[in-house]
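To be precise, the following lines are model28.cif, and they hold mmCIF, C-alpha atoms and all ligand atoms.
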data_input
loop_
_atom_site.label_atom_id
_atom_site.label_comp_id
_atom_site.auth_asym_id
_atom_site.auth_seq_id
_atom_site.Cartn_x
_atom_site.Cartn_y
_atom_site.Cartn_z
CA MET A 1121 0.00 0.00 0.00
CA ALA A 1122 1.53 3.28 -1.11
CA LYS A 1123 1.51 6.07 1.43
CA TYR A 1124 1.43 9.76 0.55
CA ASN A 1125 2.05 12.60 3.00
CA ILE A 1126 0.05 15.68 2.10
CA ALA A 1127 0.33 19.12 3.70
CA VAL A 1128 -3.14 20.65 3.85
CA MET A 1129 -3.67 24.41 4.12
CA LYS A 1130 -7.38 25.06 4.32
CA GLY A 1131 -7.01 28.84 4.61
CA ASP A 1132 -9.84 31.34 4.91
CA GLY A 1133 -13.43 31.98 3.82
CA ILE A 1134 -14.82 28.94 2.03
CA GLY A 1135 -11.34 27.31 2.13
CA PRO A 1136 -12.07 24.90 5.02
CA GLU A 1137 -15.45 23.85 3.56
CA ILE A 1138 -14.18 23.06 0.07
CA VAL A 1139 -10.98 21.37 1.26
CA ASP A 1140 -12.97 19.09 3.59
CA GLU A 1141 -14.94 17.87 0.56
CA ALA A 1142 -11.78 17.37 -1.48
CA LEU A 1143 -10.30 15.23 1.32
CA LYS A 1144 -13.55 13.26 1.49
CA VAL A 1145 -13.14 12.45 -2.21
CA LEU A 1146 -9.44 11.66 -1.76
CA ASP A 1147 -10.30 9.25 1.05
CA ALA A 1148 -12.75 7.50 -1.30
CA VAL A 1149 -9.96 7.19 -3.89
CA GLY A 1150 -7.63 5.78 -1.22
CA GLU A 1151 -10.19 3.21 -0.19
CA LYS A 1152 -11.02 2.12 -3.72
CA PHE A 1153 -7.46 1.93 -5.05
CA GLY A 1154 -5.64 0.95 -1.87
CA HIS A 1155 -3.56 4.06 -1.16
CA GLU A 1156 -3.02 5.74 2.16
CA PHE A 1157 -3.26 9.53 2.16
CA VAL A 1158 -1.98 11.12 5.36
CA TYR A 1159 -2.92 14.74 6.00
CA ASN A 1160 -0.86 17.25 7.94
CA GLU A 1161 -3.02 20.32 8.46
CA VAL A 1162 -1.16 23.62 8.77
CA LEU A 1163 -2.12 27.29 8.89
CA ILE A 1164 -1.82 29.92 6.17
CA GLY A 1165 -3.26 33.35 5.40
CA GLY A 1166 -5.76 34.98 7.72
CA ALA A 1167 -6.17 31.85 9.82
CA ALA A 1168 -2.41 31.88 10.45
CA ILE A 1169 -2.43 35.59 11.28
CA ASP A 1170 -5.18 35.02 13.85
CA ALA A 1171 -3.31 32.16 15.49
CA THR A 1172 0.33 33.29 15.23
CA GLY A 1173 0.43 36.88 13.95
CA GLU A 1174 2.16 35.78 10.75
CA CYS A 1175 0.53 35.01 7.38
CA LEU A 1176 3.08 32.27 6.63
CA PRO A 1177 4.50 30.71 9.80
CA ARG A 1178 7.82 28.88 9.55
CA ALA A 1179 6.10 25.67 10.71
CA THR A 1180 3.83 25.83 7.66
CA VAL A 1181 6.74 26.17 5.26
CA ASP A 1182 8.57 23.31 6.99
CA ALA A 1183 5.52 21.04 6.84
CA CYS A 1184 5.06 21.75 3.12
CA MET A 1185 8.75 21.10 2.42
CA ALA A 1186 8.51 17.79 4.28
CA SER A 1187 5.39 16.67 2.39
CA ASP A 1188 4.92 14.74 -0.85
CA SER A 1189 2.48 17.40 -2.03
CA VAL A 1190 0.44 20.38 -0.88
CA ILE A 1191 -3.27 21.21 -1.04
CA LEU A 1192 -4.46 24.78 -0.53
CA GLY A 1193 -8.01 26.08 -0.12
CA ALA A 1194 -8.00 29.86 -0.44
CA VAL A 1195 -6.67 32.81 1.54
CA GLY A 1196 -7.78 36.32 2.39
CA GLY A 1197 -10.86 38.27 3.29
CA PRO A 1198 -11.94 41.69 4.56
CA LYS A 1199 -11.02 40.81 8.14
CA TRP A 1200 -7.30 41.12 7.32
CA ASP A 1201 -7.46 44.21 5.06
CA SER A 1202 -5.77 46.32 7.72
CA GLN A 1203 -2.69 44.07 7.91
CA PRO A 1204 0.55 45.72 6.75
CA PRO A 1205 1.28 44.90 3.06
CA ALA A 1206 4.05 42.43 4.02
CA ASN A 1207 1.64 40.40 6.18
CA ARG A 1208 -1.42 40.30 3.91
CA PRO A 1209 -2.86 36.79 3.55
CA GLU A 1210 -2.12 36.90 -0.22
CA LYS A 1211 1.58 37.49 0.53
CA ALA A 1212 1.68 34.00 1.97
CA LEU A 1213 1.02 32.56 -1.50
CA LEU A 1214 4.08 34.22 -3.01
CA GLY A 1215 6.13 33.10 -0.01
CA ILE A 1216 5.10 29.47 -0.17
CA ARG A 1217 5.52 29.30 -3.98
CA LYS A 1218 9.04 30.66 -3.59
CA ALA A 1219 9.92 28.32 -0.71
CA LEU A 1220 8.75 25.30 -2.72
CA GLY A 1221 10.57 26.44 -5.88
CA LEU A 1222 7.40 26.38 -7.97
CA PHE A 1223 8.01 27.80 -11.45
CA ALA A 1224 5.16 26.38 -13.54
CA ASN A 1225 1.52 27.28 -13.09
CA LEU A 1226 -1.01 24.99 -14.74
CA ARG A 1227 -4.54 26.17 -15.34
CA PRO A 1228 -6.78 23.76 -17.20
CA ALA A 1229 -9.94 25.05 -18.82
CA THR A 1230 -12.31 22.16 -19.32
CA LEU A 1231 -15.92 22.39 -20.28
CA TYR A 1232 -17.99 19.57 -18.79
CA ALA A 1233 -20.70 18.64 -21.25
CA PRO A 1234 -23.56 18.94 -18.69
CA LEU A 1235 -22.50 22.57 -18.11
CA ALA A 1236 -22.12 23.54 -21.77
CA ASP A 1237 -24.94 26.07 -21.29
CA ALA A 1238 -22.73 28.13 -18.98
CA CYS A 1239 -20.08 28.62 -21.66
CA PRO A 1240 -20.32 32.19 -22.98
CA LEU A 1241 -19.04 31.13 -26.43
CA LYS A 1242 -21.38 30.33 -29.30
CA PRO A 1243 -22.04 26.57 -29.63
CA GLU A 1244 -20.38 26.38 -33.06
CA ARG A 1245 -17.16 27.71 -31.52
CA ILE A 1246 -16.94 24.82 -29.06
CA LYS A 1247 -18.04 22.06 -31.42
CA ASP A 1248 -14.52 20.57 -31.09
CA GLY A 1249 -14.89 20.67 -27.29
CA LEU A 1250 -12.90 22.73 -24.82
CA ASP A 1251 -10.20 20.95 -22.84
CA LEU A 1252 -6.92 22.80 -22.65
CA VAL A 1253 -4.30 23.69 -20.10
CA VAL A 1254 -2.30 26.91 -19.90
CA VAL A 1255 1.26 26.31 -18.66
CA ARG A 1256 2.51 29.67 -17.41
CA GLU A 1257 6.11 30.36 -16.38
CA LEU A 1258 6.10 31.92 -12.91
CA THR A 1259 9.56 33.15 -11.98
CA GLY A 1260 10.86 35.28 -14.87
CA ASP A 1261 9.73 37.87 -17.41
CA VAL A 1262 8.89 41.54 -17.03
CA TYR A 1263 7.43 41.05 -13.52
CA PHE A 1264 10.84 40.27 -12.05
CA GLY A 1265 13.12 42.46 -14.18
CA GLU A 1266 14.74 45.62 -12.88
CA LYS A 1267 12.33 48.50 -12.37
CA HIS A 1268 13.11 52.19 -12.22
CA ARG A 1269 11.98 55.67 -13.13
CA ASP A 1270 14.01 58.34 -14.91
CA GLU A 1271 14.13 61.88 -13.60
CA ASP A 1272 11.61 62.93 -16.24
CA GLY A 1273 9.16 60.33 -14.91
CA THR A 1274 9.62 57.69 -17.60
CA GLY A 1275 9.06 54.20 -16.19
CA HIS A 1276 11.09 51.10 -17.04
CA ASP A 1277 10.45 47.40 -16.48
CA ASP A 1278 13.24 45.21 -17.75
CA MET A 1279 11.89 42.10 -19.49
CA ASN A 1280 14.21 39.12 -19.49
CA TYR A 1281 14.24 35.37 -19.90
CA SER A 1282 17.27 33.15 -19.53
CA VAL A 1283 17.65 30.08 -21.72
CA ALA A 1284 17.61 27.87 -18.60
CA GLU A 1285 14.28 29.35 -17.43
CA VAL A 1286 12.68 28.65 -20.79
CA GLU A 1287 14.16 25.16 -20.97
CA ARG A 1288 12.72 23.97 -17.68
CA ILE A 1289 9.19 25.27 -18.34
CA ALA A 1290 9.30 23.87 -21.89
CA HIS A 1291 10.21 20.42 -20.54
CA ARG A 1292 7.28 20.65 -18.12
CA ALA A 1293 4.87 21.53 -20.93
CA PHE A 1294 6.06 18.75 -23.25
CA GLN A 1295 5.91 16.20 -20.43
CA MET A 1296 2.39 17.36 -19.67
CA ALA A 1297 1.38 17.06 -23.33
CA ARG A 1298 2.44 13.40 -23.17
CA GLN A 1299 -0.10 12.88 -20.38
CA ARG A 1300 -2.77 14.58 -22.51
CA ARG A 1301 -3.23 14.81 -26.30
CA ASN A 1302 0.42 15.28 -27.37
CA HIS A 1303 0.16 18.82 -28.67
CA VAL A 1304 1.87 22.04 -27.51
CA THR A 1305 1.16 25.57 -28.69
CA SER A 1306 3.98 27.90 -27.66
CA VAL A 1307 2.82 31.50 -27.38
CA ASP A 1308 5.16 34.48 -27.68
CA LYS A 1309 5.65 37.78 -29.49
CA ALA A 1310 8.78 36.80 -31.39
CA ASN A 1311 8.11 39.29 -34.19
CA VAL A 1312 8.97 42.19 -31.86
CA LEU A 1313 10.47 40.97 -28.55
CA GLU A 1314 14.00 39.66 -28.04
CA THR A 1315 12.89 37.63 -25.00
CA SER A 1316 10.32 35.98 -27.25
CA ARG A 1317 12.99 35.09 -29.82
CA VAL A 1318 14.99 33.40 -27.05
CA TRP A 1319 11.76 31.73 -25.97
CA ARG A 1320 10.93 30.41 -29.42
CA GLU A 1321 14.45 29.22 -30.30
CA THR A 1322 14.67 27.40 -26.97
CA VAL A 1323 11.24 25.78 -27.31
CA GLU A 1324 12.15 24.65 -30.86
CA ARG A 1325 15.30 23.01 -29.52
CA ILE A 1326 13.50 21.28 -26.61
CA ALA A 1327 10.67 20.18 -28.93
CA ALA A 1328 13.17 18.06 -30.86
CA GLU A 1329 13.52 15.88 -27.73
CA TYR A 1330 9.79 15.09 -27.87
CA PRO A 1331 9.20 13.84 -31.42
CA ASP A 1332 5.89 12.28 -30.35
CA VAL A 1333 4.50 15.71 -29.42
CA THR A 1334 3.37 18.08 -32.18
CA VAL A 1335 4.07 21.76 -31.65
CA ASP A 1336 3.02 25.02 -33.18
CA TYR A 1337 3.93 28.63 -32.48
CA MET A 1338 1.53 31.52 -32.16
CA TYR A 1339 1.85 35.23 -31.45
CA VAL A 1340 0.04 36.22 -28.28
CA ASP A 1341 -2.37 38.58 -30.02
CA ASN A 1342 -3.49 35.80 -32.34
CA ALA A 1343 -3.61 33.26 -29.48
CA SER A 1344 -5.91 35.46 -27.41
CA MET A 1345 -8.26 35.67 -30.38
CA GLN A 1346 -8.07 31.93 -31.16
CA LEU A 1347 -8.93 31.13 -27.53
CA VAL A 1348 -12.39 32.60 -27.94
CA THR A 1349 -12.98 31.71 -31.59
CA ASN A 1350 -11.61 28.16 -31.81
CA PRO A 1351 -10.49 26.88 -28.38
CA GLY A 1352 -10.85 23.24 -29.45
CA GLN A 1353 -7.52 23.45 -31.34
CA PHE A 1354 -5.54 23.78 -28.08
CA ASP A 1355 -4.17 21.06 -25.82
CA VAL A 1356 -1.21 22.54 -23.90
CA ILE A 1357 -0.55 26.29 -24.22
CA LEU A 1358 3.04 27.04 -23.17
CA THR A 1359 3.80 30.67 -22.41
CA GLY A 1360 5.69 33.18 -20.28
CA ASN A 1361 4.69 34.93 -17.10
CA LEU A 1362 3.10 38.06 -18.57
CA PHE A 1363 1.26 36.45 -21.49
CA GLY A 1364 0.31 33.52 -19.25
CA ASP A 1365 -1.21 35.82 -16.66
CA ILE A 1366 -3.57 37.22 -19.28
CA LEU A 1367 -4.25 34.05 -21.27
CA SER A 1368 -4.96 31.93 -18.18
CA ASP A 1369 -7.63 34.36 -17.00
CA GLU A 1370 -9.11 34.40 -20.50
CA ALA A 1371 -9.05 30.59 -20.61
CA SER A 1372 -10.82 30.44 -17.24
CA CYS A 1373 -13.68 32.67 -18.19
CA ILE A 1374 -14.53 30.82 -21.41
CA THR A 1375 -15.85 27.85 -19.41
CA GLY A 1376 -18.27 30.13 -17.55
CA SER A 1377 -17.90 28.33 -14.20
CA ILE A 1378 -15.32 29.73 -11.78
CA GLY A 1379 -16.27 27.20 -9.09
CA MET A 1380 -15.19 24.34 -11.39
CA LEU A 1381 -11.60 25.29 -12.24
CA PRO A 1382 -8.54 23.73 -10.58
CA SER A 1383 -4.89 24.70 -10.76
CA ALA A 1384 -1.45 23.34 -10.00
CA SER A 1385 1.93 24.91 -9.40
CA LEU A 1386 4.93 22.68 -10.05
CA GLY A 1387 8.67 22.90 -9.63
CA GLU A 1388 11.70 20.72 -10.26
CA THR A 1389 10.51 17.91 -7.96
CA SER A 1390 7.26 15.99 -8.01
CA ARG A 1391 5.97 18.04 -5.07
CA GLY A 1392 3.37 20.54 -6.26
CA MET A 1393 0.79 22.87 -4.80
CA TYR A 1394 -2.83 22.35 -5.83
CA GLU A 1395 -5.61 24.87 -5.35
CA PRO A 1396 -8.84 26.11 -6.96
CA ILE A 1397 -8.43 29.20 -9.15
CA HIS A 1398 -11.16 31.06 -7.29
CA GLY A 1399 -10.64 33.04 -4.11
CA SER A 1400 -11.93 32.66 -0.56
CA ALA A 1401 -15.42 33.95 -1.48
CA PRO A 1402 -16.08 35.64 1.91
CA ASP A 1403 -19.60 36.51 0.71
CA ILE A 1404 -20.68 32.85 0.94
CA ALA A 1405 -18.28 31.51 3.59
CA GLY A 1406 -19.67 29.36 6.41
CA GLN A 1407 -22.98 28.70 4.64
CA ASN A 1408 -22.20 25.27 3.16
CA VAL A 1409 -23.17 26.49 -0.32
CA ALA A 1410 -19.78 26.80 -2.08
CA ASN A 1411 -18.93 24.59 -5.02
CA PRO A 1412 -16.14 22.20 -3.95
CA ILE A 1413 -15.53 20.84 -7.47
CA ALA A 1414 -12.59 23.16 -8.31
CA THR A 1415 -10.78 21.86 -5.23
CA ILE A 1416 -11.79 18.25 -5.91
CA LEU A 1417 -10.42 18.57 -9.47
CA SER A 1418 -7.24 20.12 -8.03
CA VAL A 1419 -6.79 16.93 -6.02
CA ALA A 1420 -7.21 14.96 -9.27
CA MET A 1421 -4.37 17.05 -10.74
CA MET A 1422 -2.26 16.21 -7.69
CA LEU A 1423 -2.80 12.51 -8.27
CA ARG A 1424 -1.93 12.86 -11.95
CA TYR A 1425 1.05 15.22 -11.82
CA SER A 1426 2.65 14.66 -8.41
CA PHE A 1427 1.92 10.98 -7.78
CA ASP A 1428 1.59 9.70 -11.36
CA LEU A 1429 -1.77 8.08 -10.50
CA ALA A 1430 -3.56 8.67 -13.79
CA THR A 1431 -6.28 6.03 -13.30
CA GLU A 1432 -7.18 7.50 -9.92
CA ALA A 1433 -7.24 11.03 -11.37
CA ASP A 1434 -9.47 9.84 -14.19
CA ALA A 1435 -11.79 8.26 -11.61
CA ILE A 1436 -12.30 11.64 -9.92
CA GLU A 1437 -12.95 13.43 -13.20
CA THR A 1438 -15.39 10.73 -14.30
CA ALA A 1439 -17.19 10.90 -10.94
CA VAL A 1440 -17.53 14.69 -11.23
CA ASN A 1441 -18.96 14.32 -14.70
CA SER A 1442 -21.44 11.65 -13.64
CA VAL A 1443 -22.70 13.70 -10.70
CA LEU A 1444 -23.21 16.69 -13.01
CA GLU A 1445 -24.80 14.40 -15.57
CA ALA A 1446 -27.27 13.27 -12.88
CA GLY A 1447 -28.29 16.92 -12.48
CA HIS A 1448 -26.73 17.83 -9.13
CA ARG A 1449 -25.77 21.50 -8.90
CA THR A 1450 -24.38 23.86 -6.29
CA GLY A 1451 -25.77 27.40 -6.38
CA ASP A 1452 -23.08 28.84 -8.64
CA ILE A 1453 -23.78 26.35 -11.46
CA ALA A 1454 -27.54 25.96 -10.94
CA LYS A 1455 -29.97 27.60 -13.30
CA PRO A 1456 -32.73 29.73 -11.79
CA GLY A 1457 -35.37 27.46 -10.26
CA GLU A 1458 -33.08 24.40 -10.36
CA LYS A 1459 -32.67 22.41 -7.14
CA ARG A 1460 -29.39 23.03 -5.35
CA VAL A 1461 -27.19 20.72 -3.32
CA THR A 1462 -24.95 21.89 -0.48
CA CYS A 1463 -21.17 21.93 -0.56
CA SER A 1464 -20.96 18.87 1.69
CA ASP A 1465 -23.62 16.98 -0.30
CA MET A 1466 -21.71 17.62 -3.52
CA GLY A 1467 -18.56 16.19 -1.91
CA THR A 1468 -20.46 13.15 -0.67
CA LEU A 1469 -22.07 12.52 -4.07
CA ILE A 1470 -18.70 12.62 -5.84
CA ALA A 1471 -17.09 10.40 -3.18
CA GLN A 1472 -19.95 7.90 -3.58
CA ALA A 1473 -19.62 7.97 -7.37
CA ILE A 1474 -15.99 6.90 -6.92
P1 LIG A 1501 -9.49 36.69 -4.82
O1 LIG A 1501 -9.03 38.09 -4.84
O2 LIG A 1501 -9.08 35.91 -3.61
O3 LIG A 1501 -9.22 35.97 -6.12
P2 LIG A 1501 -12.06 37.47 -5.63
O4 LIG A 1501 -12.71 38.55 -4.88
O5 LIG A 1501 -11.43 37.75 -6.92
O6 LIG A 1501 -11.04 36.73 -4.67
P3 LIG A 1501 -13.56 35.02 -5.39
O7 LIG A 1501 -13.30 34.87 -3.96
O8 LIG A 1501 -13.02 34.01 -6.32
O9 LIG A 1501 -13.12 36.40 -5.93
O10 LIG A 1501 -15.12 35.15 -5.61
C1 LIG A 1501 -15.69 35.78 -6.75
C2 LIG A 1501 -17.18 35.45 -6.79
O11 LIG A 1501 -17.34 34.08 -7.18
C3 LIG A 1501 -17.87 35.60 -5.45
O12 LIG A 1501 -19.17 36.09 -5.62
C4 LIG A 1501 -17.90 34.21 -4.91
O13 LIG A 1501 -18.99 33.98 -4.04
C5 LIG A 1501 -18.00 33.36 -6.17
N1 LIG A 1501 -17.30 32.09 -5.97
C6 LIG A 1501 -15.96 31.90 -5.94
N2 LIG A 1501 -15.66 30.62 -5.71
C7 LIG A 1501 -16.83 29.96 -5.57
C8 LIG A 1501 -17.18 28.60 -5.32
N3 LIG A 1501 -16.27 27.64 -5.13
N4 LIG A 1501 -18.49 28.28 -5.25
C9 LIG A 1501 -19.43 29.21 -5.43
N5 LIG A 1501 -19.17 30.52 -5.67
C10 LIG A 1501 -17.88 30.89 -5.75
MG MG A 1502 -9.54 37.44 -7.85
#
Could you quickly redo this structure as structure tokens?
Ligand code: ATP
Ligand code: MG
Amino acid sequence: MAKYNIAVMKGDGIGPEIVDEALKVLDAVGEKFGHEFVYNEVLIGGAAIDATGECLPRATVDACMASDSVILGAVGGPKWDSQPPANRPEKALLGIRKALGLFANLRPATLYAPLADACPLKPERIKDGLDLVVVRELTGDVYFGEKHRDEDGTGHDDMNYSVAEVERIAHRAFQMARQRRNHVTSVDKANVLETSRVWRETVERIAAEYPDVTVDYMYVDNASMQLVTNPGQFDVILTGNLFGDILSDEASCITGSIGMLPSASLGETSRGMYEPIHGSAPDIAGQNVANPIATILSVAMMLRYSFDLATEADAIETAVNSVLEAGHRTGDIAKPGEKRVTCSDMGTLIAQAI
């Protein structure tokens, strides 16, 4: 029986409610497939500030570093708005990503057939389906270059990418494509940016090591248009920090269901951090009405990408689909007048389907 040690950071707002449901589903997977998942619950964000004064206590970082993988609910809320900038709950996310050496952010955008109505795109634009993942580089690019202002007020942000930074994210994307449909679209602006020329040359070189994966190259302006006109052509979108920031938000909104979208952040090792893309939703916290599916699907990503348990990950995704197929909806994905299930009922239904 394989044993996996998981650091669990439930966080704030709806975080504890949705993570509890994800662990319920994970326990069902463990029971069915004979794995032992051991949880080490630690504090982050507002909950950590309340208990220790710090948004990211050392003990939390240590527990994450000692784990096989990390699950995060969500952090933040109005209660901690008056914290100094360095101790805001959101700061903890940057801190933990850095401590764990996470450089690749994965944001899948998948449209589940029973929720096709929620997709804001015209039906003919999603006739090829919608199941893609944006792989965004997290540590380089214009966000981390030197910044300064001239005496006349002109602002500068230095944009840079090293070959090594592009190589490691490119490997991640090609490896991911092998676990999906074997296609990578690399997005840059190589017609005008030097960093993008480095990006493209490096991706071309790495691509040669993955002859089983097809690759194409797209300028970011075209890619942002293609995402809303013909998203079915994409499998893995590989891009830098700035373009990835924008494209991953665009990819998220084309499914129409924020409560359904998971994410992963990966580094050099198999240890990753898995969390829903949505925030702590303080407006609905404590009411047992949040949609836990984004967190449940994040756990599926953990099984697939950190533990290499593809069958188990598939089982979660299939269970989610079958529960939606059977008509169960939390408030955020219900149509007016449709019956709604609670957060905990949704978790139980998915666990039972497994
Ligand atoms: P953050 O800054 O942390 O990203 P935010 O203010 O951008 O937070 P969210 O916390 O993601 O936004 O919430 C945006 C809206 O979506 C809110 O109305 C919230 O209730 C709703 N929402 C977010 N996640 C869920 C969920 N899992 N289930 C149901 N509704 C959700
Ligand atoms: Mg937000």
Shortest interatomic distance to Asp1147 of chain A - which of A:Tyr1124, A:Phe1363, A:Phe1294, A:Tyr1394, counting all atoms listed in the file: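 Distance minimum relative to Asp1147 of chain A lands on A:Tyr1124.
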For a test of reading the model, state the distance in Å between atom CA of Ile1397 of chain A and atom CA of Leu1381 of chain A, rounded to one decimal. 5.9 Å
Close residues to ligand LIG 1501 (chain A) using all atoms listed in the file, limit 7 Å, as a PyMOL selection string: chain A and resi 1194-1196+1378-1379+1398-1404+1409-1412+1414+1451-1452
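Coordinates place atom CA of Glu1141 of chain A at a distance of 12.6 Å from atom CA of Leu1192 of chain A.
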Env of Ser1390 of chain A: 9 Å cut, atoms = all atoms listed in the file, seq-sep filter 5 positions within chain, self excluded. Answer as a PyMOL selection string. chain A and resi 1188-1189+1425-1427
Output C-alpha atoms for every residue in that selection, as a PDB file, keeping the file's coordinate frame.
ATOM      1  CA  ASP A1188       4.920  14.740  -0.850  1.00  0.00           C
ATOM      2  CA  SER A1189       2.480  17.400  -2.030  1.00  0.00           C
ATOM      3  CA  TYR A1425       1.050  15.220 -11.820  1.00  0.00           C
ATOM      4  CA  SER A1426       2.650  14.660  -8.410  1.00  0.00           C
ATOM      5  CA  PHE A1427       1.920  10.980  -7.780  1.00  0.00           C
TER       6      PHE A1427
END
Which is closest to Val1419 of chain A among A:Pro1396, A:His1291, A:Gly1133, A:Glu1174, if we use all atoms listed in the file?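 Closest candidate: A:Pro1396.
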Give me, as a list in words, all polymer residues having an atom no more than 12 Å from Arg1320 of chain A, counting all atoms listed in the file and skipping those fewer than 4 positions away in the same chain.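 Near Arg1320 of chain A, the qualifying residues are Tyr1281, Val1283, Val1286, Glu1287, Ala1290, Thr1305, Ser1306, Val1307, Asp1308, Lys1309, Ala1310, Asn1311, Leu1313, Glu1314, Thr1315, Ser1316, Glu1324, Arg1325, Ile1326, Ala1327, Val1335, Asp1336, Tyr1337, Met1338, Tyr1339, Leu1358, Thr1359 and Gly1360 of chain A.
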Using all atoms listed in the file, can you tell me which of A:Thr1334, A:Leu1258, A:Glu1458, A:Ala1142 comes closest to Ala1420 of chain A? A:Ala1142
Would you work out the distance separating atom CA of Ser1282 of chain A from atom CA of Val1318 of chain A, expressed in Å to one decimal?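 Separation between atom CA of Ser1282 of chain A and atom CA of Val1318 of chain A: 7.9 Å.
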Which residue gives the smallest distance to ligand MG 1502 (chain A) among A:Ser1372, A:Gln1472, A:Ser1385, A:Thr1259, with all atoms listed in the file counted?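 Among the listed residues, the smallest separation from ligand MG 1502 (chain A) belongs to A:Ser1372.
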Considering all atoms listed in the file, can you say which of A:Ala1439, A:Leu1444, A:Val1461, A:Ile1413 comes closest to Ala1148 of chain A?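 Among A:Ala1439, A:Leu1444, A:Val1461, A:Ile1413, it is A:Ala1439 that comes nearest to Ala1148 of chain A.
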Nearest to ligand MG 1502 (chain A) by atom-to-atom distance, counting all atoms listed in the file, from A:Pro1198, A:Ile1138, A:Tyr1159, A:Asp1369: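 Result for the nearest residue to ligand MG 1502 (chain A): A:Asp1369.
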Cut-off 9 Å around (2.0, 27.6, 8.4) with only C-alpha atoms: residues as a PyMOL selection string: chain A and resi 1129+1161-1165+1168+1174-1184
Local residues around (3.8, 14.1, -29.5), at most 12 Å away, using only C-alpha atoms, as a ChimeraX atom specification: /A:1293-1305,1327-1336,1355-1356
Neighbouring residues of Pro1234 of chain A were defined as those with any atom within 9 Å, considering all atoms listed in the file; residues of the same chain fewer than 4 positions away were excluded. Please report them as a list in words.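 Skipping anything fewer than 4 positions along the chain leaves Asn1441, Leu1444, Glu1445, Ala1446 and Gly1447 of chain A.
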Residues near Ala1384 of chain A, cut-off 10 Å, all atoms listed in the file, skip fewer than 4 positions along chain, as number ranges by chain: A: 1190-1191, 1222, 1224-1228, 1255, 1392-1397, 1418-1419, 1421-1422, 1425-1426
List as a list in words the protein and nucleic acid residues near segment 1237-1242 of chain A, meaning an atom at most 10 Å away when only C-alpha atoms are counted, but skip any in the same chain fewer than 2 places from it.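 Surrounding residues, per the criterion: Leu1231, Tyr1232, Ala1233, Pro1234, Leu1235, Glu1244, Arg1245, Ile1246, Lys1247, Leu1250, Val1348, Thr1349, Asn1350, Pro1351, Cys1373, Ile1374, Thr1375, Gly1376, Ser1377, Ile1453, Ala1454 and Lys1455 of chain A.
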Go ahead and write the residues just picked, C-alpha atoms, as an mmCIF file, in the frame of the given file.
data_model
loop_
_atom_site.group_PDB
_atom_site.id
_atom_site.type_symbol
_atom_site.label_atom_id
_atom_site.label_comp_id
_atom_site.auth_asym_id
_atom_site.auth_seq_id
_atom_site.Cartn_x
_atom_site.Cartn_y
_atom_site.Cartn_z
ATOM 1 C CA LEU A 1231 -15.920 22.390 -20.280
ATOM 2 C CA TYR A 1232 -17.990 19.570 -18.790
ATOM 3 C CA ALA A 1233 -20.700 18.640 -21.250
ATOM 4 C CA PRO A 1234 -23.560 18.940 -18.690
ATOM 5 C CA LEU A 1235 -22.500 22.570 -18.110
ATOM 6 C CA GLU A 1244 -20.380 26.380 -33.060
ATOM 7 C CA ARG A 1245 -17.160 27.710 -31.520
ATOM 8 C CA ILE A 1246 -16.940 24.820 -29.060
ATOM 9 C CA LYS A 1247 -18.040 22.060 -31.420
ATOM 10 C CA LEU A 1250 -12.900 22.730 -24.820
ATOM 11 C CA VAL A 1348 -12.390 32.600 -27.940
ATOM 12 C CA THR A 1349 -12.980 31.710 -31.590
ATOM 13 C CA ASN A 1350 -11.610 28.160 -31.810
ATOM 14 C CA PRO A 1351 -10.490 26.880 -28.380
ATOM 15 C CA CYS A 1373 -13.680 32.670 -18.190
ATOM 16 C CA ILE A 1374 -14.530 30.820 -21.410
ATOM 17 C CA THR A 1375 -15.850 27.850 -19.410
ATOM 18 C CA GLY A 1376 -18.270 30.130 -17.550
ATOM 19 C CA SER A 1377 -17.900 28.330 -14.200
ATOM 20 C CA ILE A 1453 -23.780 26.350 -11.460
ATOM 21 C CA ALA A 1454 -27.540 25.960 -10.940
ATOM 22 C CA LYS A 1455 -29.970 27.600 -13.300
#
